[in-house]
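File shown here: input.pdb, holding PDB, C-alpha atoms.
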```pdb
ATOM      1  CA  ASP X 741      32.239  27.013-144.279
ATOM      2  CA  LEU X 742      31.495  26.716-148.004
ATOM      3  CA  GLY X 743      27.762  26.712-147.402
ATOM      4  CA  PHE X 744      26.859  23.163-148.412
ATOM      5  CA  GLU X 745      26.875  19.731-146.830
ATOM      6  CA  ILE X 746      28.638  16.665-148.187
ATOM      7  CA  PRO X 747      26.384  13.577-148.106
ATOM      8  CA  LEU X 748      27.608  11.022-145.579
ATOM      9  CA  ALA X 749      27.123   7.277-145.217
ATOM     10  CA  ILE X 750      28.448   5.213-142.317
ATOM     11  CA  GLN X 751      29.280   1.521-142.146
ATOM     12  CA  CYS X 752      30.818  -0.577-139.396
ATOM     13  CA  THR X 753      32.690  -3.851-139.209
ATOM     14  CA  ILE X 754      31.445  -6.387-136.673
ATOM     15  CA  GLU X 755      34.216  -8.776-135.670
ATOM     16  CA  ALA X 756      33.896 -12.479-134.836
ATOM     17  CA  MET X 757      33.244 -11.658-131.160
ATOM     18  CA  GLY X 758      30.051  -9.839-132.156
ATOM     19  CA  THR X 759      31.191  -6.236-131.695
ATOM     20  CA  THR X 760      33.196  -3.575-133.488
ATOM     21  CA  LEU X 761      36.904  -3.321-132.687
ATOM     22  CA  GLY X 762      35.964  -0.560-130.246
ATOM     23  CA  GLY X 763      33.580  -2.924-128.457
ATOM     24  CA  GLN X 764      30.122  -1.744-129.588
ATOM     25  CA  ASP X 765      27.359  -4.094-130.640
ATOM     26  CA  ILE X 766      25.214  -3.126-133.633
ATOM     27  CA  GLU X 767      22.544  -1.367-131.537
ATOM     28  CA  ALA X 768      25.093   0.751-129.661
ATOM     29  CA  PHE X 769      26.768   1.618-132.967
ATOM     30  CA  TYR X 770      23.450   2.759-134.434
ATOM     31  CA  ALA X 771      22.573   4.831-131.353
ATOM     32  CA  THR X 772      25.939   6.593-131.573
ATOM     33  CA  VAL X 773      25.622   7.769-135.187
ATOM     34  CA  ALA X 774      21.864   7.938-135.858
ATOM     35  CA  HIS X 775      21.701  11.673-135.133
ATOM     36  CA  ARG X 776      23.235  12.366-138.556
ATOM     37  CA  ASP X 777      21.175  12.665-141.722
ATOM     38  CA  LEU X 778      22.761   9.651-143.412
ATOM     39  CA  LEU X 779      22.552   8.445-147.004
ATOM     40  CA  TRP X 780      22.701   4.938-145.577
ATOM     41  CA  ILE X 781      24.023   2.880-142.692
ATOM     42  CA  GLY X 782      25.300  -0.669-142.794
ATOM     43  CA  MET X 783      28.010  -3.250-142.463
ATOM     44  CA  ASN X 784      31.112  -3.938-144.512
ATOM     45  CA  CYS X 785      34.088  -6.284-144.403
ATOM     46  CA  ALA X 786      33.634  -8.695-141.422
ATOM     47  CA  THR X 787      33.979 -12.418-142.079
ATOM     48  CA  GLY X 788      31.694 -12.703-145.073
ATOM     49  CA  PRO X 789      27.948 -12.292-145.587
ATOM     50  CA  GLN X 790      26.842 -15.301-143.552
ATOM     51  CA  PHE X 791      28.288 -13.856-140.358
ATOM     52  CA  MET X 792      26.434 -10.573-140.906
ATOM     53  CA  ARG X 793      22.992 -12.201-140.707
ATOM     54  CA  ASP X 794      21.958 -11.532-137.100
ATOM     55  CA  HIS X 795      23.497  -8.055-137.013
ATOM     56  CA  LEU X 796      21.831  -7.003-140.270
ATOM     57  CA  ARG X 797      18.475  -8.312-139.066
ATOM     58  CA  THR X 798      18.774  -6.136-135.948
ATOM     59  CA  LEU X 799      19.948  -3.095-137.900
ATOM     60  CA  ALA X 800      17.069  -3.428-140.372
ATOM     61  CA  GLN X 801      14.583  -3.472-137.480
ATOM     62  CA  ILE X 802      15.844  -0.241-135.907
ATOM     63  CA  SER X 803      17.290   1.874-138.744
ATOM     64  CA  ARG X 804      15.479   4.885-140.174
ATOM     65  CA  PHE X 805      18.033   4.946-143.012
ATOM     66  CA  PRO X 806      18.635   2.649-145.976
ATOM     67  CA  VAL X 807      20.680  -0.399-144.884
ATOM     68  CA  THR X 808      23.709  -1.806-146.702
ATOM     69  CA  ALA X 809      25.758  -5.004-146.721
ATOM     70  CA  ILE X 810      29.196  -4.943-148.340
ATOM     71  CA  PRO X 811      30.825  -8.165-147.109
ATOM     72  CA  ASN X 812      34.192  -9.825-147.585
ATOM     73  CA  ALA X 813      34.428 -12.963-149.677
ATOM     74  CA  GLY X 814      34.680 -14.880-146.404
ATOM     75  CA  LEU X 815      37.867 -14.948-144.326
ATOM     76  CA  PRO X 816      41.288 -15.460-145.929
ATOM     77  CA  ASP X 817      42.902 -18.866-145.397
ATOM     78  CA  GLU X 818      46.537 -19.413-144.369
ATOM     79  CA  ASP X 819      47.625 -18.618-147.930
ATOM     80  CA  GLY X 820      45.677 -15.359-148.035
ATOM     81  CA  ASN X 821      42.980 -16.679-150.376
ATOM     82  CA  TYR X 822      39.309 -15.778-149.943
ATOM     83  CA  ASN X 823      37.130 -18.827-150.521
ATOM     84  CA  GLU X 824      33.600 -17.406-150.713
ATOM     85  CA  THR X 825      32.678 -17.917-154.376
ATOM     86  CA  PRO X 826      30.650 -15.350-156.328
ATOM     87  CA  GLU X 827      27.694 -17.760-156.398
ATOM     88  CA  MET X 828      27.836 -18.347-152.637
ATOM     89  CA  MET X 829      27.927 -14.639-151.883
ATOM     90  CA  ALA X 830      25.071 -13.813-154.260
ATOM     91  CA  ALA X 831      22.911 -16.569-152.766
ATOM     92  CA  THR X 832      23.457 -15.380-149.173
ATOM     93  CA  VAL X 833      22.964 -11.685-149.935
ATOM     94  CA  GLY X 834      19.874 -12.617-151.968
ATOM     95  CA  ARG X 835      18.309 -14.184-148.873
ATOM     96  CA  PHE X 836      18.966 -10.967-146.945
ATOM     97  CA  LEU X 837      17.228  -9.000-149.693
ATOM     98  CA  ASP X 838      14.288 -11.402-149.694
ATOM     99  CA  SER X 839      13.931 -10.752-145.956
ATOM    100  CA  GLY X 840      13.612  -7.025-146.671
ATOM    101  CA  TRP X 841      16.760  -6.057-144.786
ATOM    102  CA  LEU X 842      18.804  -4.312-147.485
ATOM    103  CA  ASN X 843      18.723  -1.336-149.830
ATOM    104  CA  LEU X 844      22.252  -1.481-151.241
ATOM    105  CA  VAL X 845      24.825  -4.262-151.657
ATOM    106  CA  GLY X 846      28.444  -4.567-152.741
ATOM    107  CA  GLY X 847      31.716  -6.392-152.124
ATOM    108  CA  CYS X 848      34.657  -5.718-149.798
ATOM    109  CA  CYS X 849      37.935  -7.618-149.180
ATOM    110  CA  GLY X 850      38.575 -10.593-151.429
ATOM    111  CA  THR X 851      35.731  -9.836-153.827
ATOM    112  CA  THR X 852      36.421  -9.515-157.533
ATOM    113  CA  GLY X 853      34.584  -8.340-160.607
ATOM    114  CA  LEU X 854      33.017 -11.811-160.738
ATOM    115  CA  HIS X 855      31.510 -11.356-157.272
ATOM    116  CA  ILE X 856      30.016  -8.002-158.240
ATOM    117  CA  GLU X 857      28.739  -9.489-161.501
ATOM    118  CA  SER X 858      27.040 -12.308-159.590
ATOM    119  CA  LEU X 859      25.381  -9.806-157.281
ATOM    120  CA  ASP X 860      24.234  -7.843-160.337
ATOM    121  CA  VAL X 861      22.775 -10.944-161.971
ATOM    122  CA  MET X 862      20.984 -11.859-158.752
ATOM    123  CA  LEU X 863      19.523  -8.360-158.445
ATOM    124  CA  ARG X 864      18.369  -8.217-162.043
ATOM    125  CA  SER X 865      16.713 -11.614-161.751
ATOM    126  CA  ASN X 866      14.546 -10.316-158.952
ATOM    127  CA  ALA X 867      13.096  -7.028-160.189
ATOM    128  CA  GLU X 868      10.825  -6.651-157.148
ATOM    129  CA  THR X 869      13.758  -6.865-154.740
ATOM    130  CA  ALA X 870      16.108  -4.749-156.844
ATOM    131  CA  ARG X 871      13.685  -1.917-157.639
ATOM    132  CA  HIS X 872      14.383   1.292-155.729
ATOM    133  CA  ARG X 873      11.962   1.722-152.835
ATOM    134  CA  PRO X 874      11.741   4.241-150.003
ATOM    135  CA  VAL X 875      12.817   3.312-146.490
ATOM    136  CA  PRO X 876      11.700   1.240-144.664
ATOM    137  CA  VAL X 877      11.859  -1.761-146.974
ATOM    138  CA  ARG X 878       8.926  -3.992-146.019
ATOM    139  CA  ARG X 879       9.663  -3.428-142.360
ATOM    140  CA  LYS X 880       8.616  -1.469-139.326
ATOM    141  CA  VAL X 881      11.296   0.413-137.433
ATOM    142  CA  TYR X 882      11.393  -0.539-133.766
ATOM    143  CA  TRP X 883      13.481   2.122-132.065
ATOM    144  CA  VAL X 884      13.206   4.084-128.859
ATOM    145  CA  PRO X 885      15.442   6.969-127.745
ATOM    146  CA  ALA X 886      18.716   5.605-126.427
ATOM    147  CA  VAL X 887      22.228   6.555-125.379
ATOM    148  CA  ALA X 888      25.340   4.424-125.699
ATOM    149  CA  SER X 889      28.809   3.859-124.330
ATOM    150  CA  LEU X 890      31.673   2.275-126.259
ATOM    151  CA  TYR X 891      30.106  -1.061-125.385
ATOM    152  CA  SER X 892      26.369  -0.990-124.866
ATOM    153  CA  ARG X 893      23.122   0.838-125.561
ATOM    154  CA  ILE X 894      20.694   1.925-122.837
ATOM    155  CA  GLU X 895      17.104   2.912-123.606
ATOM    156  CA  MET X 896      16.159   6.220-122.040
ATOM    157  CA  ARG X 897      12.622   4.937-121.548
ATOM    158  CA  GLN X 898      12.626   2.082-119.040
ATOM    159  CA  GLU X 899       9.747  -0.386-118.979
ATOM    160  CA  ASN X 900       9.054  -0.527-115.249
ATOM    161  CA  ALA X 901      11.125   2.269-113.744
ATOM    162  CA  TYR X 902      12.869   5.575-114.359
ATOM    163  CA  LEU X 903      16.239   5.937-116.061
ATOM    164  CA  SER X 904      18.765   5.894-113.216
ATOM    165  CA  ILE X 905      21.677   8.381-113.333
ATOM    166  CA  GLY X 906      24.448   7.634-110.839
ATOM    167  CA  GLU X 907      25.616  10.908-109.208
ATOM    168  CA  ARG X 908      28.696   9.845-107.231
ATOM    169  CA  CYS X 909      31.217  10.995-109.882
ATOM    170  CA  ASN X 910      30.208  14.579-109.223
ATOM    171  CA  ALA X 911      32.711  16.905-107.547
ATOM    172  CA  ASN X 912      29.868  19.168-106.400
ATOM    173  CA  GLY X 913      27.988  16.406-104.613
ATOM    174  CA  SER X 914      30.552  13.789-103.577
ATOM    175  CA  ARG X 915      33.303  14.548-101.086
ATOM    176  CA  LYS X 916      35.025  11.268-101.981
ATOM    177  CA  PHE X 917      35.108  12.036-105.717
ATOM    178  CA  ARG X 918      36.323  15.576-105.021
ATOM    179  CA  ALA X 919      39.211  14.174-102.948
ATOM    180  CA  LEU X 920      40.113  11.744-105.756
ATOM    181  CA  LEU X 921      40.199  14.643-108.217
ATOM    182  CA  ASP X 922      42.328  16.723-105.885
ATOM    183  CA  THR X 923      44.941  13.944-105.620
ATOM    184  CA  GLU X 924      44.551  13.135-109.352
ATOM    185  CA  ASP X 925      43.706   9.521-108.525
ATOM    186  CA  TRP X 926      42.191   8.829-111.939
ATOM    187  CA  ASP X 927      41.896   5.076-111.377
ATOM    188  CA  GLY X 928      39.974   5.837-108.210
ATOM    189  CA  CYS X 929      37.599   8.059-110.182
ATOM    190  CA  VAL X 930      36.933   5.210-112.596
ATOM    191  CA  ALA X 931      36.364   2.810-109.692
ATOM    192  CA  VAL X 932      33.621   5.087-108.330
ATOM    193  CA  ALA X 933      31.857   4.908-111.701
ATOM    194  CA  ARG X 934      32.192   1.129-111.937
ATOM    195  CA  ASP X 935      30.805   0.698-108.408
ATOM    196  CA  GLN X 936      27.694   2.626-109.470
ATOM    197  CA  GLU X 937      27.297   0.309-112.446
ATOM    198  CA  LYS X 938      27.335  -2.664-110.087
ATOM    199  CA  ASP X 939      24.675  -0.939-107.980
ATOM    200  CA  GLY X 940      22.387  -0.708-111.022
ATOM    201  CA  SER X 941      22.863   2.801-112.415
ATOM    202  CA  HIS X 942      21.856   2.941-116.077
ATOM    203  CA  THR X 943      24.066   5.984-116.761
ATOM    204  CA  ILE X 944      26.857   7.796-114.875
ATOM    205  CA  ASP X 945      26.959  11.554-114.273
ATOM    206  CA  VAL X 946      30.485  13.045-114.529
ATOM    207  CA  CYS X 947      31.215  16.506-113.115
ATOM    208  CA  THR X 948      34.769  17.760-112.491
ATOM    209  CA  ALA X 949      33.898  21.349-111.474
ATOM    210  CA  TYR X 950      36.118  22.060-108.474
ATOM    211  CA  VAL X 951      37.211  25.567-107.412
ATOM    212  CA  GLY X 952      40.925  26.075-107.924
ATOM    213  CA  ARG X 953      41.355  23.306-110.499
ATOM    214  CA  ASP X 954      41.301  23.291-114.329
ATOM    215  CA  GLU X 955      37.888  21.798-115.142
ATOM    216  CA  VAL X 956      38.682  21.160-118.823
ATOM    217  CA  SER X 957      41.912  19.350-117.931
ATOM    218  CA  ASP X 958      40.260  17.253-115.222
ATOM    219  CA  MET X 959      37.309  16.351-117.447
ATOM    220  CA  THR X 960      39.732  15.344-120.217
ATOM    221  CA  GLU X 961      41.709  13.070-117.871
ATOM    222  CA  VAL X 962      38.575  11.454-116.445
ATOM    223  CA  MET X 963      36.895  11.038-119.835
ATOM    224  CA  ARG X 964      39.949   9.408-121.422
ATOM    225  CA  ARG X 965      39.821   6.718-118.765
ATOM    226  CA  MET X 966      36.093   6.254-118.287
ATOM    227  CA  ARG X 967      35.240   5.950-121.985
ATOM    228  CA  GLY X 968      37.058   2.607-122.229
ATOM    229  CA  SER X 969      36.442   1.292-118.720
ATOM    230  CA  VAL X 970      32.822   2.180-117.916
ATOM    231  CA  GLU X 971      30.115   0.282-119.798
ATOM    232  CA  ALA X 972      27.243   2.584-118.811
ATOM    233  CA  PRO X 973      26.728   5.670-121.006
ATOM    234  CA  LEU X 974      28.021   8.907-119.489
ATOM    235  CA  VAL X 975      26.188  12.114-118.572
ATOM    236  CA  ILE X 976      28.487  15.109-119.134
ATOM    237  CA  ASP X 977      27.708  17.587-116.362
ATOM    238  CA  SER X 978      29.082  21.131-116.540
ATOM    239  CA  THR X 979      27.967  24.736-116.792
ATOM    240  CA  GLU X 980      30.966  25.552-119.000
ATOM    241  CA  LEU X 981      30.689  25.090-122.765
ATOM    242  CA  PRO X 982      34.431  24.310-123.324
ATOM    243  CA  VAL X 983      34.197  21.491-120.761
ATOM    244  CA  LEU X 984      31.193  19.957-122.498
ATOM    245  CA  GLU X 985      32.883  20.188-125.893
ATOM    246  CA  ALA X 986      36.158  18.679-124.640
ATOM    247  CA  ALA X 987      34.278  15.717-123.165
ATOM    248  CA  LEU X 988      32.071  15.097-126.189
ATOM    249  CA  ALA X 989      35.043  15.255-128.562
ATOM    250  CA  LEU X 990      36.659  12.369-126.650
ATOM    251  CA  TYR X 991      33.573  10.189-126.174
ATOM    252  CA  GLY X 992      32.931   7.472-128.732
ATOM    253  CA  GLY X 993      29.392   6.712-127.618
ATOM    254  CA  LYS X 994      26.191   8.765-127.450
ATOM    255  CA  ALA X 995      26.351  10.815-124.250
ATOM    256  CA  ILE X 996      23.810  12.936-122.369
ATOM    257  CA  LEU X 997      24.406  16.656-121.751
ATOM    258  CA  ASN X 998      23.420  17.986-118.349
ATOM    259  CA  SER X 999      21.713  20.358-118.926
ATOM    260  CA  ILE X1000      19.748  23.151-120.605
ATOM    261  CA  ASN X1001      17.242  25.660-119.248
ATOM    262  CA  PHE X1002      16.094  29.241-119.886
ATOM    263  CA  GLU X1003      17.364  30.833-116.651
ATOM    264  CA  ASP X1004      19.545  33.252-118.645
ATOM    265  CA  GLY X1005      17.358  33.311-121.743
ATOM    266  CA  GLU X1006      17.704  31.150-124.824
ATOM    267  CA  GLU X1007      21.292  31.886-125.915
ATOM    268  CA  ALA X1008      23.007  29.484-123.493
ATOM    269  CA  ALA X1009      20.548  26.714-124.356
ATOM    270  CA  HIS X1010      21.092  27.411-128.059
ATOM    271  CA  LYS X1011      24.876  26.932-127.745
ATOM    272  CA  ARG X1012      24.481  23.674-125.841
ATOM    273  CA  LEU X1013      21.973  22.340-128.343
ATOM    274  CA  GLU X1014      24.395  23.140-131.164
ATOM    275  CA  LEU X1015      26.981  20.986-129.367
ATOM    276  CA  ALA X1016      24.423  18.229-128.855
ATOM    277  CA  ARG X1017      23.545  18.261-132.537
ATOM    278  CA  LYS X1018      27.191  18.238-133.600
ATOM    279  CA  PHE X1019      28.114  15.273-131.400
ATOM    280  CA  GLY X1020      24.767  13.467-131.332
ATOM    281  CA  ALA X1021      24.220  13.833-127.596
ATOM    282  CA  ALA X1022      20.947  13.620-125.742
ATOM    283  CA  VAL X1023      20.010  16.562-123.524
ATOM    284  CA  ILE X1024      18.496  16.904-120.058
ATOM    285  CA  ALA X1025      16.147  19.906-119.986
ATOM    286  CA  LEU X1026      15.140  21.553-116.703
ATOM    287  CA  THR X1027      11.930  23.530-116.152
ATOM    288  CA  ILE X1028      13.648  26.802-115.285
ATOM    289  CA  ASP X1029      13.100  30.062-117.148
ATOM    290  CA  GLU X1030      13.839  33.767-116.712
ATOM    291  CA  ARG X1031      11.451  33.842-113.721
ATOM    292  CA  GLY X1032      13.327  31.067-111.922
ATOM    293  CA  MET X1033      12.523  27.434-111.148
ATOM    294  CA  ALA X1034       8.971  26.343-111.896
ATOM    295  CA  LYS X1035       7.107  25.571-108.656
ATOM    296  CA  ASP X1036       3.666  24.450-109.840
ATOM    297  CA  VAL X1037       2.374  21.980-112.406
ATOM    298  CA  ASP X1038       1.036  24.518-114.911
ATOM    299  CA  THR X1039       4.310  26.494-114.993
ATOM    300  CA  LYS X1040       6.368  23.309-115.316
ATOM    301  CA  ILE X1041       4.279  22.156-118.279
ATOM    302  CA  GLU X1042       4.440  25.620-119.864
ATOM    303  CA  ILE X1043       8.260  25.703-119.686
ATOM    304  CA  ALA X1044       8.547  22.054-120.743
ATOM    305  CA  LYS X1045       6.551  22.767-123.899
ATOM    306  CA  ARG X1046       8.743  25.790-124.600
ATOM    307  CA  LEU X1047      11.899  23.701-124.097
ATOM    308  CA  TYR X1048      10.610  21.030-126.449
ATOM    309  CA  ALA X1049       9.621  23.485-129.166
ATOM    310  CA  PHE X1050      12.946  25.319-128.868
ATOM    311  CA  SER X1051      15.055  22.143-128.917
ATOM    312  CA  VAL X1052      13.212  20.029-131.471
ATOM    313  CA  ARG X1053      11.423  22.448-133.796
ATOM    314  CA  LYS X1054      13.595  25.559-133.680
TER
END
```

Rewrite the structure of this file - the entire thing - as structure tokens.
Amino acid sequence: DLGFEIPLAIQCTIEAMGTTLGGQDIEAFYATVAHRDLLWIGMNCATGPQFMRDHLRTLAQISRFPVTAIPNAGLPDEDGNYNETPEMMAATVGRFLDSGWLNLVGGCCGTTGLHIESLDVMLRSNAETARHRPVPVRRKVYWVPAVASLYSRIEMRQENAYLSIGERCNANGSRKFRALLDTEDWDGCVAVARDQEKDGSHTIDVCTAYVGRDEVSDMTEVMRRMRGSVEAPLVIDSTELPVLEAALALYGGKAILNSINFEDGEEAAHKRLELARKFGAAVIALTIDERGMAKDVDTKIEIAKRLYAFSVRK
């Protein structure tokens, strides 16, 4: 509203089980927030720098942003004391820097001025490592477009097949799902999604559009349950903007919006793309324009190019 943006950096804490408290691994975390223009992305807290090793290596391979490590001084013992010494922390973080994984370092829980001083001494003793350099730092970024749930990341480009979207949680196409909605059997709705996961669906389409019912309310109820119970990323399927926004506001992963086209001109697509940008969602685009659905190859390619230019460049 004031006409300027506040710079934003995002860090996560990976617990001993290898995920965030919400359940995401480092790749799913990155997929969920990478749509922002970040100052940096990284890890803080955790159980000390040693435990961050594998997660930082992965993050450094996929991140287009500077990467940070701001670890605890280990884990506190039964007396609440942190036992990672300044020298130990500086040595471990120094090895991460030597591997080209980091752009910025610091200290979190249990660290003192002595820990920060040791990191400073280590940095100054290695001018080549400490000198400011553009991203990436001696690394190639290996990343393909992906979506994510609260638990896992799914690449939208599959090696040997198409990306499979399960359609059984769609009130327009599934009589069973429509009946579950009508009786407000929310656990049954979740079970339909989980069954599709077992059958191999990469993502799950969710549509609660049912004549005579409140679509926003139904989508909210379904989303609140599916977000923590369904491991596959979700495809939010609605023609109504308030429904899409209500779902995206509740979803902690990176969802897919279904869909955009130019049937009614560019305004509707513009509003959906604004939502996608705000919440970091991917978008399904259909080759339909003001003339109707494209029927031949040349028209499909023409509309596809227009959709791409409108979505990505404009």

* Asked: What does the distance from CA of Gly853 in chain X to CA of Gly814 in chain X come to in Å, to one decimal?
  ->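 For CA of Gly853 in chain X relative to CA of Gly814 in chain X, the distance reads 15.6 Å.
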
* Asked: Written as a VMD selection string, which residues does the PyMOL selection byres ((chain X and resi 884-889) around 12) give for the file shown?
  -> chain X and resid 762 to 775 801 to 804 881 to 883 890 to 899 903 942 to 944 963 966 to 975 988 990 to 997 1020 to 1023

* Proximity to Ile1028 in chain X - best of X:Asp925, X:Glu1014, X:Asp958, X:Glu1003, all atoms listed in the file ->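 The answer is X:Glu1003, which sits nearest to Ile1028 in chain X.
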
* Please, which residues are within 10 Å of (38.1, 16.5, -111.0) by the file's coordinates, counting all atoms listed in the file, and could they come as a ChimeraX atom specification? -> /X:909-912,917-926,929,946-951,953-962

* To do: Work out how far apart CA of Lys1054 in chain X and CA of Ala749 in chain X are and give it in Å to one decimal.
  => 25.5 Å

Working from the structure I just supplied, which lacks atoms in range 807-819 of chain X, can you model N, CA, C and O atoms there and output them as a PDB file, in the frame of the given file?
```
ATOM      1  N   VAL X 807      19.703   0.513-145.500  1.00  0.00           N
ATOM      2  CA  VAL X 807      20.680  -0.399-144.884  1.00  0.00           C
ATOM      3  C   VAL X 807      21.499  -1.089-145.963  1.00  0.00           C
ATOM      4  O   VAL X 807      20.963  -1.513-146.999  1.00  0.00           O
ATOM      5  N   THR X 808      22.815  -1.217-145.719  1.00  0.00           N
ATOM      6  CA  THR X 808      23.709  -1.806-146.702  1.00  0.00           C
ATOM      7  C   THR X 808      24.446  -3.012-146.143  1.00  0.00           C
ATOM      8  O   THR X 808      24.642  -3.143-144.940  1.00  0.00           O
ATOM      9  N   ALA X 809      24.856  -3.892-147.050  1.00  0.00           N
ATOM     10  CA  ALA X 809      25.758  -5.004-146.721  1.00  0.00           C
ATOM     11  C   ALA X 809      26.832  -5.074-147.802  1.00  0.00           C
ATOM     12  O   ALA X 809      26.522  -5.276-148.980  1.00  0.00           O
ATOM     13  N   ILE X 810      28.073  -4.892-147.400  1.00  0.00           N
ATOM     14  CA  ILE X 810      29.196  -4.943-148.340  1.00  0.00           C
ATOM     15  C   ILE X 810      30.240  -5.881-147.734  1.00  0.00           C
ATOM     16  O   ILE X 810      31.219  -5.451-147.127  1.00  0.00           O
ATOM     17  N   PRO X 811      30.010  -7.193-147.852  1.00  0.00           N
ATOM     18  CA  PRO X 811      30.825  -8.165-147.109  1.00  0.00           C
ATOM     19  C   PRO X 811      32.112  -8.564-147.823  1.00  0.00           C
ATOM     20  O   PRO X 811      32.271  -8.379-149.032  1.00  0.00           O
ATOM     21  N   ASN X 812      33.036  -9.133-147.029  1.00  0.00           N
ATOM     22  CA  ASN X 812      34.192  -9.825-147.585  1.00  0.00           C
ATOM     23  C   ASN X 812      33.748 -11.087-148.298  1.00  0.00           C
ATOM     24  O   ASN X 812      32.650 -11.609-148.071  1.00  0.00           O
ATOM     25  N   ALA X 813      34.655 -11.628-149.096  1.00  0.00           N
ATOM     26  CA  ALA X 813      34.428 -12.963-149.677  1.00  0.00           C
ATOM     27  C   ALA X 813      34.893 -14.012-148.657  1.00  0.00           C
ATOM     28  O   ALA X 813      35.819 -14.792-148.882  1.00  0.00           O
ATOM     29  N   GLY X 814      34.272 -13.987-147.474  1.00  0.00           N
ATOM     30  CA  GLY X 814      34.680 -14.880-146.404  1.00  0.00           C
ATOM     31  C   GLY X 814      35.955 -14.377-145.737  1.00  0.00           C
ATOM     32  O   GLY X 814      36.366 -13.235-145.907  1.00  0.00           O
ATOM     33  N   LEU X 815      36.591 -15.268-144.965  1.00  0.00           N
ATOM     34  CA  LEU X 815      37.867 -14.948-144.326  1.00  0.00           C
ATOM     35  C   LEU X 815      39.015 -15.555-145.131  1.00  0.00           C
ATOM     36  O   LEU X 815      38.867 -16.639-145.690  1.00  0.00           O
ATOM     37  N   PRO X 816      40.162 -14.870-145.192  1.00  0.00           N
ATOM     38  CA  PRO X 816      41.288 -15.460-145.929  1.00  0.00           C
ATOM     39  C   PRO X 816      41.837 -16.692-145.207  1.00  0.00           C
ATOM     40  O   PRO X 816      41.850 -16.755-143.977  1.00  0.00           O
ATOM     41  N   ASP X 817      42.278 -17.689-145.988  1.00  0.00           N
ATOM     42  CA  ASP X 817      42.902 -18.866-145.397  1.00  0.00           C
ATOM     43  C   ASP X 817      44.379 -18.577-145.123  1.00  0.00           C
ATOM     44  O   ASP X 817      44.850 -17.442-145.271  1.00  0.00           O
ATOM     45  N   GLU X 818      45.134 -19.626-144.739  1.00  0.00           N
ATOM     46  CA  GLU X 818      46.537 -19.413-144.369  1.00  0.00           C
ATOM     47  C   GLU X 818      47.384 -18.913-145.533  1.00  0.00           C
ATOM     48  O   GLU X 818      48.481 -18.368-145.345  1.00  0.00           O
ATOM     49  N   ASP X 819      46.893 -19.094-146.755  1.00  0.00           N
ATOM     50  CA  ASP X 819      47.625 -18.618-147.930  1.00  0.00           C
ATOM     51  C   ASP X 819      47.135 -17.256-148.413  1.00  0.00           C
ATOM     52  O   ASP X 819      47.590 -16.760-149.450  1.00  0.00           O
TER      53      ASP X 819
END
```
